Each structure stands twice: as structure tokens, then as C-alpha cells.
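Here is the structure we will look at.
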Amino acid sequence: MGDARSRSVGIQQDCVMMRQILQKIIPPAMIFLLFVAVALISNGASGFFYGDVTNRVVTVSNYVVQILAVLSGLYLLIRLINVLVWDNLVTQALGTPIPRLIKDLSAILICLIGITIIVGVVFEQPVTGIWATSGAFGVVIGFALRSLILDTFTGLAINVDNSYKIGDWVHVHSRNRVDYIGCILEINWRTTRLKTTDNNVIIIPNSLIGQSIVTNFSSPSDISRFELCFCFDADLPSERVIRVLLAGVKGAVSPSGIEEHPEPTVRINRVTDAGIEYRIRYWIYPAKLSPPKARHAVISSVQRNLRTAGISLARPKQDINLTQRPARPLNTDILDDRVALLSSIDLFHHIETEALQALASNIKQVAFKSLDKVVAEGDKGDSMFIVIEGLLDVYVRNDADGKDIKVGHITSGQFFGEMALLTGKPRSATVVASTDVVGYEITHHCMQDLFRAYPEVLEAISKVLAERQLLKCCSKSRHQLVNY
Ligand code: CMP
């Protein structure tokens, strides 16, 4: 009973299809037959007429009728090929409808053949010119339909290339920054269709996908690695963050379908403005678990672990310092500014303002150019220097070979010349400006007053002196050893 009904439904469908085919074919067939009949009759009728004018009219009408007969034949042929070959035979064989482009191209080809027939048979003229013109015509058509043709050929190339196939999970890195991730549903002549996890179908023209970078998650094997990045404050110990993140990603393994092997990993990725970025890597079979679902599973598990551990993600930071800005840059020439500059130096940090003012009014500002020799080893001297801006190198002469050995350097905020000042001996080293330098020179007399009021300054200078002397000896011995 059911079989009989389905058979009758099938027969009905066939009848409908046949009716549609006939509806498409009968009109052009009638037109064609009409013109063929008229052509035959007019050929026969020409014998009844005499006279030049009448003959010419008949000849022209013969041509017209023959041309119309050929054209209507072409029309019929195009219809037949479209309906029977493209829409039925080829469509059924390929399983997808044939693109309009192919039908149009076949129609153009048939028209060209028809024009050749008209020129060759009706007008009895050579046909080579026609084919030459058709080449130029083809170029024009090709130019007009270039995007369609590009789509078609890219579709062909994709099929031949086999970079991805139906059922593969792909990530199309689009140029307009909207990326598409989905499973390939179909690659036809003109478009590639992706099915996303939100049950949408994205239709991408083949020419566009052909120019895009495509990550095929399903090739070379079905398993693929994915990664996610999280950023945390730099003061959080990295072992702690890694521990919590690893627990988070591994915790997503069994319920969601994230693969246990290869094992998920967590690594520090880079340092950013907000803090330290960590990268989680995990493996999935995109055919079994879609990448967005896997991402959801990992993020939610990580978030749960972070919340329990009391760790939050780094936020963009901006430091705001509420301090009074100096009204102008400090000037080494101005007394008050000198006091401010000296008080910022470690050696004079705890000295009271009055004492600093007295010191500031008795010191001399000095400036040296780069490579200037500020003090030379063996020279007499009873002053020391405070460096405000710049850098200097310190050298001692090696008695054995007479060469200068670099024993240290003096940066801004530091002092030099203290050895001669305290011991009264000649300068123990040569000090050369490595950059342009600005500083203050303080005399022995001036320092004596300060030492009396602040013996701790003398103590601090003596300590540095001892360290430097030790360093000098070590550098000399090392040099001698190396050159022994
Ligand atoms: P003075 O001997 O008066 O002259 C040379 C200066 O070089 C010396 O005081 C120290 O201030 C300085 N100097 C000597 N050795 C070192 C060192 N190793 N590091 C830095 N400075 C030094």
C-alpha cells in the first residue's frame, strides 16, 4: 500500500518535471519550426516573382528568414542544453546545481558558432574574421565577469589542491579582522560554506577564502593544539599562577573532552603593561569538540580555580603620583637649589638646612668636558668633588708596565678626591670625564667645618675610601696576574 503510494508520488513528480521541461522547450521549438517553414516556403515562392526590385526584396527577405531560422535554432539548442544537459544530467551527476557562469559560457559559445554559421552558410563568407573578433569579445566578457571567474577557478583550485575538505574544522583569518571558525559544509564552484557552532552557515566566496590564511585544524591529523592567554600582576609568584592555571586546564579535561594526552601546559608568554602574560596550551579533536566549546570549558574551569585561589586577572594600570611638582628645574648656580641638590645626595642627606646652606655658599661649581682629565695621579690636591650630572672613569698606573688600569667609575650623586683631602697625600688615581660633567668642588677647610659638626660624614667618607683602596689593590693585582 505504502509502496504503491510512493510509486504514484514518484510518477506524479516525474510528470511535473516533464511538464516543466516541455514548457521550457516547446516555445523555442515552435519559433524554430515556424522560421524553418517560412524559409522553405519563401525559397519556393521566389520562383513566382520576376523583375530586379522584386528579386532583391525576395533575396533580402530570404536572408532575414534564414538568419531568424538559425537564431531560433540556436535559441532552441541553448534551451535544450541548459534544460537537459546542465539542469538534469550534470546536476544529477555532480549533486550540486551547475553555476550560472557555466551555462552562460556555453550559451556564448553556441552563439559564436551560430554567428559563424550565418556568415559562412547564409552569406557564404569566410569565417576566420569572426573567430578573430570572438577572441577580443571573450576578453571583454572575461573582464566583466572576472570576480565570478575568479571564484570559479579558485573553487576548482581548492578542490584540486585538497588543502581542506568537507567536514574539516577550519579557521579563516579574514583580512577585515573578523575571523571565522567552522566546519566545512560544502565547497561549490563559487563559495565555501562553513557551519559555525551557533548553527549559522557562513558563505565565503572562493576568491576571498583563496586569498585568506586558513588554519586547518583537521590536518595533518585530527588532533589540534589551541592556546589561551591570561595576564596577572607581576608581583604574583609565577609558580603559584602556573599551579592554579594548570589545575584549571587539567580540570577541564574529563567533563568537556579536552584531551589528556598530549598534556596541557602553562608557560609564561611575555611581559605586558598590565603584568605577566601566561599561555595555556591544550589539545582537542575539533571534529569531536568544537574549538569555541573547548575554549569555554577551559576558561570557565580556570576562572573557578582562580576564584578559589583568590587570584584575579591583571587590570590595565596607570600610576598617579600625588606629589608637588617643582615649579622649575633646579639650577646648580642658585644657592637654594644647591641646598636642594646637596640634600638629595646620600652623604649629606641628614645634614640640617643651615649647615647645608653654609656648605652651599662655600663650594665652587665646576664643569668638565668629556675626556677632560679632572685629577691626575700623583698631583697635589686638597679638595674633593661632588658629581651632580655626568659620569667619570678612574684609572691607576701600573708600575710594572706603566699602563693605566681602570679601577672604577663615579656616577652622579657620588664624590671623588676624598683620599688626598683626608690623607694629605698626592692624588692616588687619575679621574677622567667619560661624559660632560657638572659638579661642586669642596675645599679641605670647608670639609673640616662639616666634619666637626657632623662626624658621621667623615665616617661615611672614610668607609668609601677604604672600599676604593681595596678595589684599587684588587684591580692592580688582577691586571698583574693577567699580564704575568
Ligand atoms: P684622590 O686620591 O684624592 O684622587 C683620585 C680619586 O679617585 C681618589 O681620591 C678617589 O676619590 C678616586 N678613586 C680611587 N680609587 C677608586 C675606585 N676604585 N673607585 C672609584 N673611585 C676611586
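Going by the C-alpha cells order, chains are called A, B, ..., each with residues numbered from 1, while ligands are numbered from 1 in the order shown.
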
Exercise for the section: Using backbone DSSP assignments, extract all alpha helix (DSSP H) residues from stretch 61-134 of chain A; output them as a ChimeraX atom specification. Expected result: /A:61-80,91-94,100-117,128-134

Please write the residues from the selection above to a file, keeping N, CA and C atoms, as a short mmCIF file (atom, residue, chain, number, x, y, z; two decimals), in the first residue's frame.
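The resulting result.cif:
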data_model
loop_
_atom_site.label_atom_id
_atom_site.label_comp_id
_atom_site.auth_asym_id
_atom_site.auth_seq_id
_atom_site.Cartn_x
_atom_site.Cartn_y
_atom_site.Cartn_z
N SER A 61 14.62 39.21 -48.01
CA SER A 61 13.70 38.53 -47.09
C SER A 61 14.15 37.10 -46.85
N ASN A 62 14.77 36.50 -47.91
CA ASN A 62 15.31 35.14 -47.73
C ASN A 62 16.38 35.12 -46.65
N TYR A 63 17.31 36.13 -46.79
CA TYR A 63 18.39 36.22 -45.79
C TYR A 63 17.82 36.35 -44.39
N VAL A 64 16.85 37.30 -44.27
CA VAL A 64 16.27 37.58 -42.95
C VAL A 64 15.66 36.31 -42.37
N VAL A 65 14.90 35.63 -43.21
CA VAL A 65 14.21 34.43 -42.72
C VAL A 65 15.23 33.35 -42.33
N GLN A 66 16.30 33.23 -43.15
CA GLN A 66 17.32 32.21 -42.83
C GLN A 66 18.04 32.55 -41.52
N ILE A 67 18.35 33.86 -41.39
CA ILE A 67 19.03 34.28 -40.14
C ILE A 67 18.14 33.99 -38.94
N LEU A 68 16.85 34.37 -39.08
CA LEU A 68 15.93 34.13 -37.97
C LEU A 68 15.80 32.63 -37.69
N ALA A 69 15.82 31.83 -38.76
CA ALA A 69 15.74 30.38 -38.56
C ALA A 69 16.95 29.87 -37.79
N VAL A 70 18.17 30.38 -38.18
CA VAL A 70 19.39 29.94 -37.47
C VAL A 70 19.33 30.40 -36.01
N LEU A 71 18.91 31.68 -35.82
CA LEU A 71 18.88 32.21 -34.44
C LEU A 71 17.89 31.43 -33.57
N SER A 72 16.73 31.16 -34.16
CA SER A 72 15.75 30.42 -33.35
C SER A 72 16.25 29.00 -33.09
N GLY A 73 17.03 28.45 -34.05
CA GLY A 73 17.63 27.12 -33.82
C GLY A 73 18.62 27.18 -32.67
N LEU A 74 19.43 28.28 -32.65
CA LEU A 74 20.41 28.44 -31.56
C LEU A 74 19.70 28.55 -30.21
N TYR A 75 18.60 29.34 -30.25
CA TYR A 75 17.82 29.54 -29.03
C TYR A 75 17.32 28.19 -28.51
N LEU A 76 16.83 27.38 -29.44
CA LEU A 76 16.34 26.05 -29.07
C LEU A 76 17.47 25.18 -28.52
N LEU A 77 18.63 25.27 -29.22
CA LEU A 77 19.78 24.45 -28.79
C LEU A 77 20.24 24.82 -27.38
N ILE A 78 20.32 26.16 -27.13
CA ILE A 78 20.75 26.62 -25.80
C ILE A 78 19.77 26.12 -24.74
N ARG A 79 18.47 26.23 -25.05
CA ARG A 79 17.45 25.76 -24.10
C ARG A 79 17.63 24.26 -23.82
N LEU A 80 17.81 23.50 -24.93
CA LEU A 80 17.94 22.05 -24.77
C LEU A 80 19.14 21.70 -23.90
N THR A 91 23.79 18.14 -13.29
CA THR A 91 23.40 18.44 -11.90
C THR A 91 23.22 17.14 -11.12
N GLN A 92 22.57 16.17 -11.75
CA GLN A 92 22.37 14.89 -11.06
C GLN A 92 23.70 14.18 -10.83
N ALA A 93 24.60 14.27 -11.82
CA ALA A 93 25.89 13.58 -11.70
C ALA A 93 26.74 14.21 -10.59
N LEU A 94 26.76 15.56 -10.53
CA LEU A 94 27.61 16.23 -9.53
C LEU A 94 26.93 16.36 -8.17
N ARG A 100 25.63 29.39 -12.81
CA ARG A 100 25.07 30.11 -13.95
C ARG A 100 26.17 30.43 -14.96
N LEU A 101 27.37 30.69 -14.41
CA LEU A 101 28.50 31.06 -15.26
C LEU A 101 28.73 30.02 -16.37
N ILE A 102 28.65 28.75 -16.00
CA ILE A 102 28.93 27.69 -16.97
C ILE A 102 27.86 27.72 -18.06
N LYS A 103 26.61 27.89 -17.65
CA LYS A 103 25.51 27.92 -18.64
C LYS A 103 25.71 29.11 -19.59
N ASP A 104 26.07 30.25 -18.98
CA ASP A 104 26.25 31.45 -19.80
C ASP A 104 27.40 31.27 -20.79
N LEU A 105 28.47 30.64 -20.29
CA LEU A 105 29.62 30.43 -21.18
C LEU A 105 29.25 29.50 -22.33
N SER A 106 28.49 28.45 -22.02
CA SER A 106 28.10 27.52 -23.10
C SER A 106 27.18 28.24 -24.09
N ALA A 107 26.29 29.12 -23.58
CA ALA A 107 25.39 29.86 -24.47
C ALA A 107 26.18 30.79 -25.39
N ILE A 108 27.20 31.44 -24.80
CA ILE A 108 28.03 32.35 -25.61
C ILE A 108 28.73 31.58 -26.73
N LEU A 109 29.23 30.39 -26.35
CA LEU A 109 29.93 29.56 -27.34
C LEU A 109 28.98 29.16 -28.47
N ILE A 110 27.76 28.78 -28.11
CA ILE A 110 26.77 28.38 -29.13
C ILE A 110 26.44 29.57 -30.03
N CYS A 111 26.32 30.75 -29.41
CA CYS A 111 26.03 31.96 -30.21
C CYS A 111 27.14 32.22 -31.21
N LEU A 112 28.38 32.04 -30.74
CA LEU A 112 29.51 32.27 -31.65
C LEU A 112 29.46 31.29 -32.83
N ILE A 113 29.13 30.03 -32.51
CA ILE A 113 29.02 29.04 -33.59
C ILE A 113 27.89 29.45 -34.54
N GLY A 114 26.78 29.94 -33.96
CA GLY A 114 25.63 30.37 -34.78
C GLY A 114 26.00 31.51 -35.71
N ILE A 115 26.73 32.49 -35.14
CA ILE A 115 27.15 33.63 -35.99
C ILE A 115 28.04 33.13 -37.12
N THR A 116 28.91 32.17 -36.78
CA THR A 116 29.79 31.60 -37.82
C THR A 116 28.95 30.93 -38.91
N ILE A 117 27.89 30.23 -38.49
CA ILE A 117 27.02 29.55 -39.48
C ILE A 117 26.34 30.60 -40.38
N THR A 128 36.98 33.13 -40.73
CA THR A 128 38.15 33.36 -39.86
C THR A 128 38.07 34.70 -39.12
N GLY A 129 37.55 35.72 -39.79
CA GLY A 129 37.41 37.06 -39.16
C GLY A 129 36.54 37.00 -37.92
N ILE A 130 35.49 36.21 -38.01
CA ILE A 130 34.54 36.09 -36.89
C ILE A 130 35.26 35.54 -35.65
N TRP A 131 36.07 34.51 -35.90
CA TRP A 131 36.75 33.89 -34.74
C TRP A 131 37.79 34.82 -34.13
N ALA A 132 38.41 35.62 -35.03
CA ALA A 132 39.38 36.60 -34.51
C ALA A 132 38.66 37.60 -33.61
N THR A 133 37.46 38.06 -34.07
CA THR A 133 36.70 39.02 -33.29
C THR A 133 36.23 38.40 -31.97
N SER A 134 35.88 37.11 -32.03
CA SER A 134 35.36 36.47 -30.83
C SER A 134 36.41 36.42 -29.73
#

Practice task
Name the residues of stretch 53-216 of chain A that come out as strand (DSSP E or B) in a backbone DSSP run; write them as a PyMOL selection string.
Solution key: chain A and resi 169-173+180-187+191-195+201-205+213-216

Practice task
Could you please extract the residues within 7 Å of ligand 1, counting only C-alpha atoms and all ligand atoms, and hand them back as JSON, numbers by chain?
Solution key: {"A": [375, 377, 381, 384, 394, 407, 408, 409, 410, 415, 416, 417, 418, 419, 420, 421, 426, 427, 428, 429, 430, 431, 465, 468, 469, 471, 472]}

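Taking only C-alpha atoms, the non-local environment of A:Ile223 within 7 Å (same-chain residues fewer than 5 positions away omitted) comprises Ser218, Trp283, Ile284, Tyr285 and Pro286 of chain A.
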
Export of the given selection (C-alpha atoms) as a PDB file, in the first residue's frame:
ATOM      1  CA  SER A 218      41.825  18.697  10.945  1.00  0.00           C
ATOM      2  CA  TRP A 283      44.724  19.631  22.644  1.00  0.00           C
ATOM      3  CA  ILE A 284      41.340  18.749  21.181  1.00  0.00           C
ATOM      4  CA  TYR A 285      39.802  16.824  18.293  1.00  0.00           C
ATOM      5  CA  PRO A 286      37.843  19.647  16.600  1.00  0.00           C
TER       6      PRO A 286
END

Exercise for the section: Do a neighbour search on A:Ile442 at 8 Å with only C-alpha atoms, toss out local chain neighbours closer than 2 positions, and write the hits as a PyMOL selection string. Expected result: chain A and resi 362-364+383-386+440+444+446-447

Practice task
Provide the atom CA of A:Pro220 to atom CA of A:Val170 distance in Å, to one decimal place.
Solution key: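 So the answer is 12.3 Å.
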
Handout entry: Nearest candidate to A:Gly310 (options A:Asp401, A:Gly167, A:Leu481, A:Val244; using only C-alpha atoms)
Key =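 Of the candidates, the smallest distance to A:Gly310 is held by A:Val244.
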
Residues near A:Leu392, cut-off 10 Å, only C-alpha atoms, skip fewer than 6 positions along chain, as a tab-separated table (two decimals) with N, CA and C atoms, in the first residue's frame:
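Writing done, so here's selection34.tsv:
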chain	number	residue	atom	x	y	z
A	368	PHE	N	83.18	69.99	33.44
A	368	PHE	CA	84.24	69.37	32.63
A	368	PHE	C	83.63	68.80	31.36
A	370	SER	N	83.72	66.05	28.21
A	370	SER	CA	84.04	64.62	28.08
A	370	SER	C	85.52	64.46	27.74
A	371	LEU	N	86.20	63.50	28.37
A	371	LEU	CA	87.63	63.16	28.21
A	371	LEU	C	88.57	64.14	28.92
A	372	ASP	N	88.02	65.16	29.58
A	372	ASP	CA	88.88	66.05	30.38
A	372	ASP	C	89.47	65.26	31.53
A	373	LYS	N	90.79	65.51	31.81
A	373	LYS	CA	91.41	64.88	32.98
A	373	LYS	C	91.13	65.78	34.17
A	374	VAL	N	90.31	65.31	35.11
A	374	VAL	CA	89.91	66.17	36.23
A	374	VAL	C	90.98	66.19	37.31
A	408	GLY	N	87.52	51.87	38.42
A	408	GLY	CA	86.12	52.12	38.82
A	408	GLY	C	85.57	53.32	38.09
A	409	HIS	N	84.36	53.68	38.46
A	409	HIS	CA	83.78	54.90	37.88
A	409	HIS	C	82.97	55.63	38.95
A	410	ILE	N	82.73	56.90	38.68
A	410	ILE	CA	82.00	57.72	39.64
A	410	ILE	C	80.77	58.29	38.92
A	411	THR	N	79.60	58.01	39.50
A	411	THR	CA	78.35	58.46	38.86
A	411	THR	C	77.78	59.65	39.62
A	412	SER	N	76.67	60.20	39.10
A	412	SER	CA	76.06	61.37	39.75
A	412	SER	C	75.60	61.01	41.15
A	416	PHE	N	84.53	62.21	44.68
A	416	PHE	CA	85.90	61.71	44.48
A	416	PHE	C	86.89	62.79	44.94
A	431	VAL	N	91.38	60.74	37.36
A	431	VAL	CA	89.93	60.70	37.11
A	431	VAL	C	89.66	61.46	35.81
A	432	VAL	N	89.01	60.75	34.85
A	432	VAL	CA	88.75	61.33	33.52
A	432	VAL	C	87.23	61.37	33.29
A	433	ALA	N	86.76	62.50	32.77
A	433	ALA	CA	85.31	62.62	32.50
A	433	ALA	C	84.93	61.72	31.32
A	434	SER	N	83.96	60.85	31.55
A	434	SER	CA	83.51	59.95	30.48
A	434	SER	C	82.41	60.61	29.66
A	435	THR	N	81.67	61.53	30.32
A	435	THR	CA	80.69	62.37	29.62
A	435	THR	C	80.97	63.80	30.09
A	436	ASP	N	80.20	64.75	29.57
A	436	ASP	CA	80.29	66.11	30.14
A	436	ASP	C	79.83	66.02	31.60
A	437	VAL	N	80.50	66.77	32.48
A	437	VAL	CA	80.23	66.63	33.92
A	437	VAL	C	79.99	68.00	34.54

Problem - A:Thr323, A:Thr192, A:Ala360, A:Glu352 ranked by distance to A:Asp336, top pick (using only C-alpha atoms) - result: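 Checking each candidate against A:Asp336, we get A:Ala360 as the closest.
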
Handout entry: Option closest in space to A:Asn88, from A:Leu33, A:Cys231, A:Ile181, A:Met17 [counting only C-alpha atoms]
Key =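 Of the candidates, the smallest distance to A:Asn88 is held by A:Met17.
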
Problem - Residue nearest A:Lys403 among A:Arg281, A:His479, A:Arg240, A:Arg304 (counting only C-alpha atoms) - result: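 Looking only at the distances to A:Lys403, the closest residue turns out to be A:His479.
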
Problem - stretch 342-345 of chain A environment, 12 Å, only C-alpha atoms, sequence neighbours closer than 3 positions dropped, as an MDAnalysis selection string - result: chainID A and resid 330:332 335:339 348:361 363 385:389 411:415 439:440 442 457
